[in-house]
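Participant: My questions will all concern the structure given below.
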Amino acid sequence: MRRYGLLCMALIMTLLLPAAAIAEKPAMQKGFPVETPTAPEEIVPTLLPIDFTGGMPVNSKFYADDRLSYSDPTITVSIESGRYENCDWWAARIKISDASQLRTGSAGGFDSNMTMNGPALARRLNAILAVDGDYYCFSNRGYIKRQGTVFWSNISGYEDMLFIDDKGDFHIARNAKQEDVDRMESEYRIINCLTFGPALVLDGKLITDYTMVTNRKASEPRQRMCIAQVGELEYLCVCSASAARGSYGLDLYQFSSLVASFGVQNAYNLDGGDSTIMVFGGEKINDIRNPDTRQISDIVYFASGYKPE
């Protein structure tokens with residue numbers, strides 16, 4: 001009886017041991033990968049979403065009486081004008097609280113070639129200050145990334161490109177090639193990339209050498225537009241008048257000198273000619289005596305992030 005009991009006990013232990021041994025083995029020994037928990041990717045909150053919606057509604061009470069400035073808790077804009085080399089110019093100084101307030105928008109989506117009246121587009125997107133963009137649908141070259149979305153990449157190696165990252169900082173690649181785009185995308189979180197140019201000021205230094213492809217009628221007096229970074233979340237937009245009605249336009253060398261005189265760090269030339277438009281208070285404020293204003297495909301704009309209590 002005792003021997004029978006011992007045999008039963010041994011049999012029970014024999015049956016239990018494999019199960020226990022299997023239970024103690026880590027999953028990877030059975031051929032299944034072990035997933036290592038990772039912390040979720042940090043999402044930095046922004047005042048405005050990184051998408052194609054516009055800014056917060058414009059509150060007219062934040063305009064100054066002279067309608068030459070606007071200031072709410074998230075953005076300030078002031079307008080200046082003057083004359084340089086027998087040409088009228090207009091400039092907007094912009095200071096924002098968050099990089100998401102520097103935005104791009106289009107007439108019909110960046111996958112279309114639709115154009116529309118510039119002030120109407122600016123009003124639709126609640127822009128405090130807007131300027132014409134790079135007329136992306138005019139050429140199939142370049143790297144077109146807007147509000148974090150890439151629409152096409154057909155890089156010629158001849159155009160200067162402006163990359164704007166998630167901190168609102170400007171990075172310019174001259175005669176950009178694929179490796180330049182790859183480097184920018186690996187080093188920064190790029191929100192917008194514009195392909196027009198050329199660069200006017202790079203790292204505080206005036207640019208005067210323009211390639212044949214990107215010279216943009218360098219020696220001809222024209223209406224011109226640029227966007228520049230002055231400091232952290234601080235920007236400047238400058239445009240020159242047309243070569244008509246008492247003004248003579250600026251060639252690219254004169255224009256870059258004018259822009260550099262404002263003390264900017266990086267400045268980039270945008271679409272010009274009859275596309276040149278600066279919108280403030282929902283209306284065009286530059287070269288208003290010139291009746292020839294072209295409909296445009298896209299804008300670069302600054303929006304309010306102010307949400308009243």
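Lettering and numbering for the structure tokens are positional, with chains as A, B, ... in the shown order, residues counted from 1 in each chain, and ligands counted from 1 in the shown order.
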Could you give me, as JSON lines, a per-residue list for region 202-233 of chain A showing, wherever an atom lies at most 12 Å from an atom of region 282-288 of chain A, the closest pair of atoms and their distance in Å to one decimal, using only C-alpha atoms and sorting by chain then residue number from low to high?
Facilitator:
```
{"residue": "A:Arg222", "atom": "CA", "partner": "A:Asp287", "partner_atom": "CA", "distance": 11.9}
{"residue": "A:Gln223", "atom": "CA", "partner": "A:Asp287", "partner_atom": "CA", "distance": 9.0}
{"residue": "A:Arg224", "atom": "CA", "partner": "A:Asn286", "partner_atom": "CA", "distance": 11.0}
{"residue": "A:Met225", "atom": "CA", "partner": "A:Asn286", "partner_atom": "CA", "distance": 10.5}
```
Participant: Near Leu48 (chain A), within 10 Å and counting only C-alpha atoms, which residues show up once chain neighbours fewer than 6 positions away are dropped, as a list of chain:residue names?
Facilitator: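 Neighbouring residues, sequence-local ones excluded: A:Gly54, A:Gly55, A:Met56, A:Asp98, A:Ala99, A:Ser100, A:Gln101, A:Leu102, A:Arg103, A:Ala303, A:Ser304, A:Gly305, A:Tyr306.
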Participant: Next, the residues of the selection above should be written as a PDB file, in the first residue's frame with N, CA and C atoms.
Facilitator:
```
ATOM      1  N   GLY A  54      -8.203  77.339 -40.764  1.00  0.00           N
ATOM      2  CA  GLY A  54      -7.645  78.674 -40.593  1.00  0.00           C
ATOM      3  C   GLY A  54      -7.358  78.989 -39.139  1.00  0.00           C
ATOM      4  N   GLY A  55      -7.084  80.258 -38.893  1.00  0.00           N
ATOM      5  CA  GLY A  55      -6.814  80.708 -37.546  1.00  0.00           C
ATOM      6  C   GLY A  55      -8.088  80.991 -36.783  1.00  0.00           C
ATOM      7  N   MET A  56      -7.927  81.470 -35.571  1.00  0.00           N
ATOM      8  CA  MET A  56      -9.080  81.876 -34.782  1.00  0.00           C
ATOM      9  C   MET A  56      -9.702  83.117 -35.429  1.00  0.00           C
ATOM     10  N   ASP A  98       3.288  81.182 -30.992  1.00  0.00           N
ATOM     11  CA  ASP A  98       3.444  79.755 -31.248  1.00  0.00           C
ATOM     12  C   ASP A  98       3.689  79.548 -32.745  1.00  0.00           C
ATOM     13  N   ALA A  99       4.558  78.602 -33.061  1.00  0.00           N
ATOM     14  CA  ALA A  99       4.919  78.379 -34.461  1.00  0.00           C
ATOM     15  C   ALA A  99       3.731  77.980 -35.322  1.00  0.00           C
ATOM     16  N   SER A 100       2.697  77.394 -34.724  1.00  0.00           N
ATOM     17  CA  SER A 100       1.537  76.961 -35.496  1.00  0.00           C
ATOM     18  C   SER A 100       0.775  78.127 -36.102  1.00  0.00           C
ATOM     19  N   GLN A 101       1.083  79.347 -35.665  1.00  0.00           N
ATOM     20  CA  GLN A 101       0.395  80.527 -36.203  1.00  0.00           C
ATOM     21  C   GLN A 101       0.977  80.981 -37.541  1.00  0.00           C
ATOM     22  N   LEU A 102       2.117  80.432 -37.923  1.00  0.00           N
ATOM     23  CA  LEU A 102       2.677  80.648 -39.262  1.00  0.00           C
ATOM     24  C   LEU A 102       2.198  79.500 -40.130  1.00  0.00           C
ATOM     25  N   ARG A 103       1.358  79.812 -41.134  1.00  0.00           N
ATOM     26  CA  ARG A 103       0.626  78.764 -41.837  1.00  0.00           C
ATOM     27  C   ARG A 103       0.644  78.991 -43.351  1.00  0.00           C
ATOM     28  N   ALA A 303      -1.773  83.830 -38.282  1.00  0.00           N
ATOM     29  CA  ALA A 303      -3.126  83.805 -37.716  1.00  0.00           C
ATOM     30  C   ALA A 303      -3.092  83.985 -36.213  1.00  0.00           C
ATOM     31  N   SER A 304      -4.215  84.384 -35.679  1.00  0.00           N
ATOM     32  CA  SER A 304      -4.352  84.512 -34.226  1.00  0.00           C
ATOM     33  C   SER A 304      -4.662  83.147 -33.620  1.00  0.00           C
ATOM     34  N   GLY A 305      -4.129  82.941 -32.421  1.00  0.00           N
ATOM     35  CA  GLY A 305      -4.468  81.744 -31.656  1.00  0.00           C
ATOM     36  C   GLY A 305      -5.263  82.094 -30.414  1.00  0.00           C
ATOM     37  N   TYR A 306      -5.767  83.334 -30.377  1.00  0.00           N
ATOM     38  CA  TYR A 306      -6.472  83.827 -29.186  1.00  0.00           C
ATOM     39  C   TYR A 306      -7.867  83.248 -29.078  1.00  0.00           C
TER      40      TYR A 306
END
```
Participant: Out of region 160-264 of chain A, which residues get strand (DSSP E or B) from DSSP, as a ChimeraX atom specification?
Facilitator: /A:161-165,170-173,190-195,199-202,205-206,222,224-231,234-240,250
Participant: Please write the residues from the selection above to a file, keeping N, CA and C atoms, as an mmCIF file, in the first residue's frame.
Facilitator:
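Final output, again36.cif:
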```
data_model
loop_
_atom_site.group_PDB
_atom_site.id
_atom_site.type_symbol
_atom_site.label_atom_id
_atom_site.label_comp_id
_atom_site.auth_asym_id
_atom_site.auth_seq_id
_atom_site.Cartn_x
_atom_site.Cartn_y
_atom_site.Cartn_z
ATOM 1 N N MET A 161 15.259 76.370 -51.783
ATOM 2 C CA MET A 161 14.055 75.968 -51.056
ATOM 3 C C MET A 161 14.070 76.534 -49.646
ATOM 4 N N LEU A 162 12.886 76.914 -49.180
ATOM 5 C CA LEU A 162 12.711 77.386 -47.814
ATOM 6 C C LEU A 162 11.991 76.309 -47.012
ATOM 7 N N PHE A 163 12.641 75.837 -45.955
ATOM 8 C CA PHE A 163 12.060 74.854 -45.048
ATOM 9 C C PHE A 163 11.706 75.560 -43.740
ATOM 10 N N ILE A 164 10.482 75.371 -43.274
ATOM 11 C CA ILE A 164 10.036 75.964 -42.010
ATOM 12 C C ILE A 164 9.697 74.819 -41.062
ATOM 13 N N ASP A 165 10.367 74.787 -39.912
ATOM 14 C CA ASP A 165 10.176 73.655 -39.013
ATOM 15 C C ASP A 165 9.101 73.925 -37.964
ATOM 16 N N PHE A 170 13.459 79.155 -39.907
ATOM 17 C CA PHE A 170 13.697 79.065 -41.347
ATOM 18 C C PHE A 170 15.036 78.374 -41.622
ATOM 19 N N HIS A 171 15.022 77.480 -42.605
ATOM 20 C CA HIS A 171 16.237 76.830 -43.084
ATOM 21 C C HIS A 171 16.186 76.885 -44.609
ATOM 22 N N ILE A 172 17.228 77.410 -45.229
ATOM 23 C CA ILE A 172 17.248 77.563 -46.684
ATOM 24 C C ILE A 172 18.333 76.671 -47.277
ATOM 25 N N ALA A 173 17.967 75.916 -48.297
ATOM 26 C CA ALA A 173 18.928 75.109 -49.040
ATOM 27 C C ALA A 173 19.054 75.710 -50.434
ATOM 28 N N ILE A 190 9.862 69.245 -40.381
ATOM 29 C CA ILE A 190 9.496 70.275 -41.343
ATOM 30 C C ILE A 190 7.972 70.308 -41.491
ATOM 31 N N ILE A 191 7.411 71.510 -41.351
ATOM 32 C CA ILE A 191 5.966 71.700 -41.495
ATOM 33 C C ILE A 191 5.629 72.215 -42.887
ATOM 34 N N ASN A 192 6.425 73.158 -43.379
ATOM 35 C CA ASN A 192 6.190 73.726 -44.709
ATOM 36 C C ASN A 192 7.505 73.835 -45.467
ATOM 37 N N CYS A 193 7.434 73.541 -46.759
ATOM 38 C CA CYS A 193 8.571 73.779 -47.647
ATOM 39 C C CYS A 193 8.064 74.489 -48.888
ATOM 40 N N LEU A 194 8.704 75.597 -49.236
ATOM 41 C CA LEU A 194 8.313 76.360 -50.423
ATOM 42 C C LEU A 194 9.433 76.323 -51.451
ATOM 43 N N THR A 195 9.042 76.239 -52.707
ATOM 44 C CA THR A 195 10.002 76.179 -53.801
ATOM 45 C C THR A 195 9.756 77.344 -54.748
ATOM 46 N N ALA A 199 17.133 82.610 -52.405
ATOM 47 C CA ALA A 199 17.447 83.161 -51.094
ATOM 48 C C ALA A 199 17.964 84.578 -51.272
ATOM 49 N N LEU A 200 17.539 85.472 -50.386
ATOM 50 C CA LEU A 200 17.998 86.863 -50.421
ATOM 51 C C LEU A 200 19.014 87.142 -49.323
ATOM 52 N N VAL A 201 18.769 86.571 -48.159
ATOM 53 C CA VAL A 201 19.692 86.676 -47.024
ATOM 54 C C VAL A 201 19.809 85.286 -46.416
ATOM 55 N N LEU A 202 21.029 84.866 -46.134
ATOM 56 C CA LEU A 202 21.255 83.536 -45.568
ATOM 57 C C LEU A 202 22.190 83.666 -44.375
ATOM 58 N N LYS A 205 23.721 87.020 -43.957
ATOM 59 C CA LYS A 205 24.583 87.545 -45.015
ATOM 60 C C LYS A 205 23.791 87.737 -46.300
ATOM 61 N N LEU A 206 24.007 88.881 -46.938
ATOM 62 C CA LEU A 206 23.335 89.224 -48.176
ATOM 63 C C LEU A 206 23.787 88.294 -49.298
ATOM 64 N N ARG A 222 10.911 95.148 -60.830
ATOM 65 C CA ARG A 222 9.634 94.436 -60.738
ATOM 66 C C ARG A 222 9.021 94.583 -59.353
ATOM 67 N N ARG A 224 8.096 92.733 -56.125
ATOM 68 C CA ARG A 224 8.717 91.563 -55.508
ATOM 69 C C ARG A 224 8.174 91.380 -54.092
ATOM 70 N N MET A 225 8.251 90.135 -53.614
ATOM 71 C CA MET A 225 7.752 89.793 -52.291
ATOM 72 C C MET A 225 8.734 88.864 -51.608
ATOM 73 N N CYS A 226 8.936 89.063 -50.321
ATOM 74 C CA CYS A 226 9.763 88.118 -49.572
ATOM 75 C C CYS A 226 9.204 87.903 -48.181
ATOM 76 N N ILE A 227 9.612 86.778 -47.598
ATOM 77 C CA ILE A 227 9.312 86.493 -46.203
ATOM 78 C C ILE A 227 10.635 86.214 -45.512
ATOM 79 N N ALA A 228 10.801 86.731 -44.303
ATOM 80 C CA ALA A 228 12.084 86.616 -43.612
ATOM 81 C C ALA A 228 11.859 86.325 -42.139
ATOM 82 N N GLN A 229 12.856 85.695 -41.536
ATOM 83 C CA GLN A 229 12.855 85.506 -40.089
ATOM 84 C C GLN A 229 13.844 86.478 -39.483
ATOM 85 N N VAL A 230 13.388 87.168 -38.443
ATOM 86 C CA VAL A 230 14.227 88.133 -37.744
ATOM 87 C C VAL A 230 14.827 87.506 -36.492
ATOM 88 N N GLY A 231 14.003 86.759 -35.754
ATOM 89 C CA GLY A 231 14.428 86.108 -34.527
ATOM 90 C C GLY A 231 13.452 85.006 -34.182
ATOM 91 N N GLU A 234 9.677 85.586 -34.733
ATOM 92 C CA GLU A 234 9.578 86.982 -35.177
ATOM 93 C C GLU A 234 9.938 87.059 -36.665
ATOM 94 N N TYR A 235 9.083 87.722 -37.458
ATOM 95 C CA TYR A 235 9.202 87.639 -38.911
ATOM 96 C C TYR A 235 9.002 89.014 -39.547
ATOM 97 N N LEU A 236 9.356 89.063 -40.824
ATOM 98 C CA LEU A 236 9.197 90.278 -41.604
ATOM 99 C C LEU A 236 8.776 89.882 -43.018
ATOM 100 N N CYS A 237 7.764 90.553 -43.540
ATOM 101 C CA CYS A 237 7.381 90.410 -44.945
ATOM 102 C C CYS A 237 7.591 91.762 -45.614
ATOM 103 N N VAL A 238 8.247 91.765 -46.774
ATOM 104 C CA VAL A 238 8.553 92.999 -47.486
ATOM 105 C C VAL A 238 8.161 92.834 -48.942
ATOM 106 N N CYS A 239 7.542 93.869 -49.515
ATOM 107 C CA CYS A 239 7.236 93.838 -50.945
ATOM 108 C C CYS A 239 7.520 95.198 -51.567
ATOM 109 N N SER A 240 7.823 95.193 -52.855
ATOM 110 C CA SER A 240 8.092 96.422 -53.597
ATOM 111 C C SER A 240 6.974 96.676 -54.597
ATOM 112 N N LEU A 250 11.929 97.205 -58.266
ATOM 113 C CA LEU A 250 13.293 96.941 -57.817
ATOM 114 C C LEU A 250 13.822 95.703 -58.524
#
```
Participant: I'd like the interatomic distance between CA of Glu159 (chain A) and CA of Asn175 (chain A), to a tenth of an Å.
Facilitator: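 Computing it gives 4.8 Å between the two atoms.
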Participant: Report, in Å to a single decimal, how far apart CA of Val77 (chain A) and CA of Pro221 (chain A) are.
Facilitator: 28.0 Å
